[in-house]
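Everything below concerns the one structure shown next.
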Amino acid sequence: MTTYVVRRLLDLGFVLFGVSVLVFMMLRLIPGDAVAIMLGANIDITPERVEALRRQLGLHLPLHQQYAQWLGGVLQGDFGRSVWTGRPVADEIVGRLPVTLQLSFMALAFAIVVSFPLGILAARARGSGADTVVRVASIVGLTLPSFWVGVLMLYATSMYLPAWPTIGYVPFAEDPLGNLARMALPTVAVALPMVAALTRILRSSLLDVLSLDYIRTGKAKGLAPRSLFYKHALRNAMIPVITVIGVQVGYLLSGVVVIEQVFAIPGLGRLVIGAINERNYPLAQGVILVATVVFVFVNLLVDLAYAWIDPRVEYA
Amino acid sequence: MKRFALLLVACFGLAFAQSGTLELAVDSSPAGLDPHKVTAFSSFAVIGQVYDGLLEINADLQLEPALAESFTISDDGLVYTFTLREGVVFHNGRPFVADDVVYSLERILDPETGSPQASRFNQVANAEAIDERTVVFTLSEPFAPFLSNMPNLFVVPREVVEEHGDLQQVAVGTGPFALAEIVPDTFLRLEANADYYRPDQPGVATLRYNVVPEASTRAAGLRTGTYHLIPDVDPTTALTLRAAPNVTVLEVPGLAYTLLGMNVTREPFDDPRVRHAINLALDREELVDAVFLGNAVPAGPLSGALADWVVPNATFPCYAHDPAAARALLADAGYPDGFAFTILTFGTRRDVADTAQVVQAQLERAGLQVEVNVAEFGTFVQDWSNSNFDAFVSLNGGNIDPDGYMHRTFITGGSTNVFQFSDAEVDDLLTRGRTTADVAERQAIYADLQAALACEGPIAHLNYGTLFSAHRAEVQGFQQIATGNLRYLRTVTLR
């Protein structure tokens with residue numbers, strides 16, 4: 001187990017290196033650099049001034065030198081400075097990460113809390129009206145883009161509940177209630193596709209398990225239906241659900257990017273969109289590295305959860 | 001918050017000249033605040049509250065005194081003497097003096113600064129502070145638009161620049177509001193300057209620029225009263241906000257224009273007849289309806305807002321939509337079956353991207369084969385500045401002086417003359433336009449220029465869009481300016 005975790009963490013090093021090279025190169029493949037964007041389309045400026053600005057930002061060096069310089073800094077904990085604000089990239093990220101993490105965890109928690117009862121209900125009452133409603137609703141939930149749902153909810157609350165503060169962000173430490181009130185709609189909007197996906201997979205996985213021999217055996221030897229369902233069936237049905245949760249967390253991160261835009265939440269998503277649009281290379285690279293670390297860790301947790309759910313799983 | 005502000009007023013009556021927080025919703029964080037370095041509108045929306053120029057532009061697009069109380073111009077048009085206002089202090093408490101003006105100009109002109117404003121002041125041969133309240137600019141040649149550039153000469157204190165290297169993250173000016181707090185991507189807070197030199201201004205104690213990237217979210221926030229004012233509203237949102245209770249929508253004809261720019265070094269756009277035919281093939285009225293929902297006017301080389309200068313569009317027959325004449329002219333130029341070309345454009349502005357599509361349809365009706373390439377903005381800028389296009393659809397900013405519209409765009413080698421247009425007669429007119437002081441004579445010159453450029457220039461001018469802003473009923477004293485400048489925030493009071 002410990003060796004497994006250590007090995008996975010070592011893998012993380014390779015993943016990060018690969019991602020850093022990819023991101024570094026891809027950002028520079030997009031035409032136009034920070035200087036071009038900074039000067040914009042409508043500007044009087046001589047080539048000498050452009051060159052001077054490029055020099056200031058280190059953009060005149062060959063790519064491999066730029067990369068080596070940046071990587072050297074990162075290894076010493078220095079992610080460089082944001083091109084536009086001049087603030088250290090690490091500071092910019094540290095300010096935003098908690099916001100995005102809060103939104104992601106709230107959405108994840110919401111999705112689990114809502115989808116489990118729904119999935120269990122649909123599986124237990126298979127073929128009933130309730131089952132049909134859940135199945136149709138989950139298809140709809142999967143199909144609706146979360147930014148559209150977000151905008152609709154925003155409009156609805158502004159029309160019918162104008163007193164509810166829905167837009168913007170206040171830190172939890174400053175105003176816990178205000179924070180939760182503002183986070184509620186984005187949480188639901190981001191979580192909706194995940195609720196739908198988890199409900200569907202839980203339902204079908206439960207149905208698979210319920211048709212297995214050992215369930216019939218359990219029934220035959222007189223196990224109470226409740227304990228049979230929750231202790232024996234549900235637990236075994238969890239493996240595919242956990243896998244889907246891991247995959248969905250990836251989608252969740254990308255959904256959060258869009259929703260932050262809609263609800264004016266200052267998280268990592270908005271930071272990275274802005275950074276890419278402005279060709280703010282150090283900032284974009286920093287954010288994507290951090291997002292990679294988060295994603296890899298979530299996947300590691302998912303893999304470890306298999307063993308917790310199913311003791312037969314071994315890590316060699 | 002609103003209730004709190006009302007409570008304050010109720011408790012203290014009129015004892016406080018300034019009260020309340022004006023909540024604005026803007027689409028992006030300012031990318032830096034250095035008035036001599038930035039180009040983004042989001043930056044100037046804040047800079048205009050913090051810094052002053054020597055003069056400023058009012059709602060009628062006329063110049064008014066700001067830091068300068070008065071000025072005189074010598075008869076040869078070379079020497080400008082400004083008398084400065086007394087009793088002005090910077091936000092750091094230091095009195096403002098003539099040396100600050102000289103320093104600010106020198107900073108703009110210093111190549112190290114890399115200021116995009118530098119070309120506005122290229123004609124200044126010498127700037128000198130005669131005494132604490134008098135500054136004299138001597139020009140190397142007469143330059144008629146010189147005064148119209150004075151609002152861009154934002155005066156900054158030397159000691160703050162020297163302490164911080166630049167002014168991107170700090171802001172110390174003489175304006176009605178002082179920078180108090182920046183929370184990136186969330187909000188930016190300005191507090192009223194108690195020592196501001198105009199008595200009774202500003203009218204509110206705090207300005208908060210809330211950064212809200214989504215237009216529909218800004219609109220929802222205005223409906224609920226979360227925000228008081230949206231300085232820039234797109235036409236579709238303006239339409240829906242008109243129906244909202246307690247919301248006022250303002251509009252003013254804009255100075256910026258959408259355009260189809262043509263690369264005159266590439267066939268067939270090197271042929272003036274082809275450029276003329278394109279103008280005939282375009283239907284500017286249809287663009288007004290299809291792209292702007294009626295909130296725009298057909299464009300010629302100058303905005304109608306420059307009433308003293310503009311030649312009416314009706315004067316130019318090529319602005320009457322006439323596809324048959326366009327085809328005939330194309331045949332005459334050797335393209336009886338039309339030709340194929342690509343329009344370069346970008347997707348971040350809906351009006352621009354939509355214009356490109358409608359233009360494509362219109363030109364196809366005249367027998368041309370048009371492809372539209374919607375590039376990412378950085379790519380667009382790169383191809384645009386390298387003249388790497390057949391034609392492009394974009395948006396060009398305007399100016400209160402016709403020289404600002406035309407000089408750098410049309411003069412041979414001009415910085416935004418990406419069309420690579422070069423015409424001896426136009427060059428001569430442009431040069432005389434900026435060196436002639438007499439207004440009537442200048443008007444004649446710019447009339448000639450409009451005639452020379454309207455039909456066969458490298459630009460098919462398309463539309464001047466209407467600018468919208470919207471505010472809550474409790475906001476009083478706000479006026480919108482065609483330049484997009486937010487000068488009237490300082491006169492706003494909250495009821």
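Chains: A, B, ... in order of the structure tokens. Residues: from 1 per chain. Ligands: from 1, in order shown.
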
| Which residues, written as a list of chain:residue names, have at least one atom at most 12 Å from Asp308 (chain B), with only C-alpha atoms counted and residues fewer than 5 positions away on the same chain left out? | B:Leu61, B:Gln62, B:Leu302, B:Ser303, B:Ile400, B:Asp401, B:Pro402, B:Val439, B:Ala440, B:Arg442, B:Gln443, B:Ala444, B:Tyr446, B:Ala447

Neighbours of Leu29 (chain A) within 12 Å (only C-alpha atoms; same-chain residues fewer than 3 positions away dropped), as a compact mmCIF listing (two decimals) with N, CA and C atoms, in the first residue's frame?
```
# COMPACT_ATOMS: atom_id res chain seq x y z
N LEU A 22 4.30 20.30 -22.34
CA LEU A 22 3.18 20.46 -23.26
C LEU A 22 2.59 21.86 -23.16
N VAL A 23 2.28 22.27 -21.92
CA VAL A 23 1.65 23.56 -21.72
C VAL A 23 2.56 24.68 -22.21
N PHE A 24 3.82 24.56 -21.84
CA PHE A 24 4.79 25.58 -22.23
C PHE A 24 4.81 25.76 -23.75
N MET A 25 4.90 24.62 -24.46
CA MET A 25 5.00 24.69 -25.92
C MET A 25 3.68 25.12 -26.54
N MET A 26 2.57 24.57 -26.02
CA MET A 26 1.28 24.88 -26.64
C MET A 26 0.95 26.36 -26.51
N GLY A 32 0.86 35.27 -31.45
CA GLY A 32 0.75 36.49 -30.65
C GLY A 32 1.29 36.24 -29.26
N ASP A 33 2.07 37.18 -28.73
CA ASP A 33 2.53 37.03 -27.36
C ASP A 33 2.02 38.20 -26.53
N LEU A 63 13.36 29.19 -27.21
CA LEU A 63 12.35 28.50 -26.38
C LEU A 63 12.97 27.63 -25.30
N ILE A 276 -4.66 33.03 -20.42
CA ILE A 276 -4.45 32.53 -21.79
C ILE A 276 -4.79 33.63 -22.80
N ARG A 279 -2.02 35.98 -22.99
CA ARG A 279 -0.72 35.36 -23.22
C ARG A 279 0.19 35.61 -22.02
N TYR A 281 2.06 34.01 -20.02
CA TYR A 281 2.62 32.65 -19.98
C TYR A 281 2.88 32.13 -18.57
N GLY B 378 -5.58 37.26 -30.40
CA GLY B 378 -4.13 37.45 -30.51
C GLY B 378 -3.64 37.17 -31.93
N THR B 379 -4.21 36.13 -32.54
CA THR B 379 -3.86 35.80 -33.92
C THR B 379 -4.28 36.93 -34.85
```

Could you pull the residues within 10 Å of Pro268 (chain B), counting only C-alpha atoms, minus those fewer than 2 positions along the same chain, as a PDB file with C-alpha atoms, in the first residue's frame?
```
ATOM      1  CA  MET B 262      -8.631  46.029 -47.706  1.00  0.00           C
ATOM      2  CA  ASN B 263      -4.999  45.210 -48.381  1.00  0.00           C
ATOM      3  CA  VAL B 264      -4.125  47.447 -51.327  1.00  0.00           C
ATOM      4  CA  THR B 265      -0.887  45.563 -51.991  1.00  0.00           C
ATOM      5  CA  ARG B 266      -2.895  42.463 -52.921  1.00  0.00           C
ATOM      6  CA  ASP B 270      -4.952  47.351 -55.520  1.00  0.00           C
ATOM      7  CA  ASP B 271      -7.520  48.536 -58.085  1.00  0.00           C
ATOM      8  CA  PRO B 272      -9.523  51.575 -56.862  1.00  0.00           C
ATOM      9  CA  ARG B 273     -12.449  50.465 -59.037  1.00  0.00           C
ATOM     10  CA  VAL B 274     -12.680  47.230 -57.052  1.00  0.00           C
ATOM     11  CA  ARG B 275     -12.722  49.149 -53.756  1.00  0.00           C
ATOM     12  CA  LEU B 330     -16.132  44.789 -61.296  1.00  0.00           C
ATOM     13  CA  ALA B 333     -12.013  46.204 -63.671  1.00  0.00           C
ATOM     14  CA  GLY B 334     -11.608  42.785 -65.298  1.00  0.00           C
ATOM     15  CA  TYR B 335     -13.618  40.638 -62.858  1.00  0.00           C
ATOM     16  CA  PHE B 339     -13.210  36.907 -57.379  1.00  0.00           C
ATOM     17  CA  ALA B 340     -12.515  34.928 -54.217  1.00  0.00           C
ATOM     18  CA  PHE B 341     -10.990  36.346 -51.048  1.00  0.00           C
ATOM     19  CA  ASP B 390      -6.829  40.121 -48.068  1.00  0.00           C
TER      20      ASP B 390
END
```

Give me every alpha helix (DSSP H) residue in region 204-382 of chain B, going by DSSP on the backbone, as a PDB file with C-alpha atoms, in the first residue's frame.
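Listed below is the output, result_2.pdb:
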```
ATOM      1  CA  ALA B 215     -23.196  40.518 -19.711  1.00  0.00           C
ATOM      2  CA  SER B 216     -26.326  38.710 -18.529  1.00  0.00           C
ATOM      3  CA  THR B 217     -24.972  38.582 -14.987  1.00  0.00           C
ATOM      4  CA  ARG B 218     -24.303  42.332 -15.013  1.00  0.00           C
ATOM      5  CA  ALA B 219     -27.851  42.918 -16.207  1.00  0.00           C
ATOM      6  CA  ALA B 220     -29.320  40.643 -13.541  1.00  0.00           C
ATOM      7  CA  GLY B 221     -27.296  42.499 -10.910  1.00  0.00           C
ATOM      8  CA  LEU B 222     -28.633  45.841 -12.103  1.00  0.00           C
ATOM      9  CA  ARG B 223     -32.209  44.574 -11.937  1.00  0.00           C
ATOM     10  CA  THR B 224     -31.819  43.424  -8.354  1.00  0.00           C
ATOM     11  CA  PRO B 235     -27.440  46.534 -27.659  1.00  0.00           C
ATOM     12  CA  THR B 236     -29.280  43.282 -26.906  1.00  0.00           C
ATOM     13  CA  THR B 237     -28.943  43.689 -23.165  1.00  0.00           C
ATOM     14  CA  ALA B 238     -29.927  47.365 -23.492  1.00  0.00           C
ATOM     15  CA  LEU B 239     -33.164  46.253 -25.136  1.00  0.00           C
ATOM     16  CA  THR B 240     -34.079  43.945 -22.254  1.00  0.00           C
ATOM     17  CA  LEU B 241     -33.019  46.465 -19.602  1.00  0.00           C
ATOM     18  CA  ARG B 242     -35.302  49.124 -21.108  1.00  0.00           C
ATOM     19  CA  PRO B 272      -9.523  51.575 -56.862  1.00  0.00           C
ATOM     20  CA  ARG B 273     -12.449  50.465 -59.037  1.00  0.00           C
ATOM     21  CA  VAL B 274     -12.680  47.230 -57.052  1.00  0.00           C
ATOM     22  CA  ARG B 275     -12.722  49.149 -53.756  1.00  0.00           C
ATOM     23  CA  HIS B 276     -15.423  51.388 -55.195  1.00  0.00           C
ATOM     24  CA  ALA B 277     -17.433  48.339 -56.273  1.00  0.00           C
ATOM     25  CA  ILE B 278     -17.183  46.872 -52.753  1.00  0.00           C
ATOM     26  CA  ASN B 279     -18.659  50.072 -51.334  1.00  0.00           C
ATOM     27  CA  LEU B 280     -21.540  49.832 -53.805  1.00  0.00           C
ATOM     28  CA  ALA B 281     -22.129  46.176 -52.976  1.00  0.00           C
ATOM     29  CA  ARG B 284     -25.035  49.686 -44.631  1.00  0.00           C
ATOM     30  CA  GLU B 285     -28.691  50.031 -43.647  1.00  0.00           C
ATOM     31  CA  GLU B 286     -29.074  46.266 -43.581  1.00  0.00           C
ATOM     32  CA  LEU B 287     -26.011  46.057 -41.334  1.00  0.00           C
ATOM     33  CA  VAL B 288     -27.603  48.559 -38.958  1.00  0.00           C
ATOM     34  CA  ASP B 289     -30.654  46.334 -38.612  1.00  0.00           C
ATOM     35  CA  ALA B 290     -29.021  42.922 -38.728  1.00  0.00           C
ATOM     36  CA  VAL B 291     -26.030  43.568 -36.489  1.00  0.00           C
ATOM     37  CA  PHE B 292     -27.039  46.464 -34.270  1.00  0.00           C
ATOM     38  CA  PRO B 323     -25.257  45.604 -56.521  1.00  0.00           C
ATOM     39  CA  ALA B 324     -25.854  46.004 -60.255  1.00  0.00           C
ATOM     40  CA  ALA B 325     -23.512  48.988 -60.443  1.00  0.00           C
ATOM     41  CA  ALA B 326     -21.018  47.018 -58.351  1.00  0.00           C
ATOM     42  CA  ARG B 327     -21.081  44.124 -60.815  1.00  0.00           C
ATOM     43  CA  ALA B 328     -20.670  46.504 -63.747  1.00  0.00           C
ATOM     44  CA  LEU B 329     -17.703  48.161 -62.105  1.00  0.00           C
ATOM     45  CA  LEU B 330     -16.132  44.789 -61.296  1.00  0.00           C
ATOM     46  CA  ALA B 331     -16.560  43.729 -64.909  1.00  0.00           C
ATOM     47  CA  ASP B 332     -14.946  46.961 -65.949  1.00  0.00           C
ATOM     48  CA  ARG B 350     -20.190  40.026 -31.206  1.00  0.00           C
ATOM     49  CA  ASP B 351     -20.820  43.150 -33.329  1.00  0.00           C
ATOM     50  CA  VAL B 352     -17.578  42.597 -35.242  1.00  0.00           C
ATOM     51  CA  ALA B 353     -18.110  38.869 -35.854  1.00  0.00           C
ATOM     52  CA  ASP B 354     -21.736  39.455 -36.913  1.00  0.00           C
ATOM     53  CA  THR B 355     -20.710  42.276 -39.225  1.00  0.00           C
ATOM     54  CA  ALA B 356     -18.231  39.978 -40.958  1.00  0.00           C
ATOM     55  CA  GLN B 357     -20.972  37.445 -41.652  1.00  0.00           C
ATOM     56  CA  VAL B 358     -23.464  39.950 -43.018  1.00  0.00           C
ATOM     57  CA  VAL B 359     -20.754  41.574 -45.146  1.00  0.00           C
ATOM     58  CA  GLN B 360     -19.924  38.124 -46.502  1.00  0.00           C
ATOM     59  CA  ALA B 361     -23.554  37.561 -47.502  1.00  0.00           C
ATOM     60  CA  GLN B 362     -23.843  41.013 -49.068  1.00  0.00           C
ATOM     61  CA  LEU B 363     -20.688  40.673 -51.136  1.00  0.00           C
ATOM     62  CA  GLU B 364     -21.703  37.193 -52.280  1.00  0.00           C
ATOM     63  CA  ARG B 365     -24.907  38.714 -53.603  1.00  0.00           C
ATOM     64  CA  PHE B 377      -7.899  37.780 -30.974  1.00  0.00           C
ATOM     65  CA  GLY B 378      -4.129  37.450 -30.514  1.00  0.00           C
ATOM     66  CA  THR B 379      -3.862  35.799 -33.918  1.00  0.00           C
ATOM     67  CA  PHE B 380      -5.970  38.543 -35.439  1.00  0.00           C
ATOM     68  CA  VAL B 381      -3.747  41.261 -33.996  1.00  0.00           C
ATOM     69  CA  GLN B 382      -0.646  39.548 -35.302  1.00  0.00           C
TER      70      GLN B 382
END
```

| Which residue, B:Asp110, B:Glu267, B:Asp322, B:Asp75, has the smallest gap to chain A when you use only C-alpha atoms? |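 Counting only C-alpha atoms, the residue closest to chain A is B:Asp110.
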
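Comparing the minimum interatomic distances between chain A and each of B:Gly338, B:Pro30, B:Gly367, B:Gly20, counting only C-alpha atoms, we find that B:Pro30 sits nearest.
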
| request: Could you please tell me, as a PyMOL selection string, which residues of chain B have an atom within 9 Å of chain A when using only C-alpha atoms? | output: chain B and resi 31-32+38-40+111-119+168-169+184-186+210-218+220-221+223-226+376-382+384-385+396-397+408+414-416
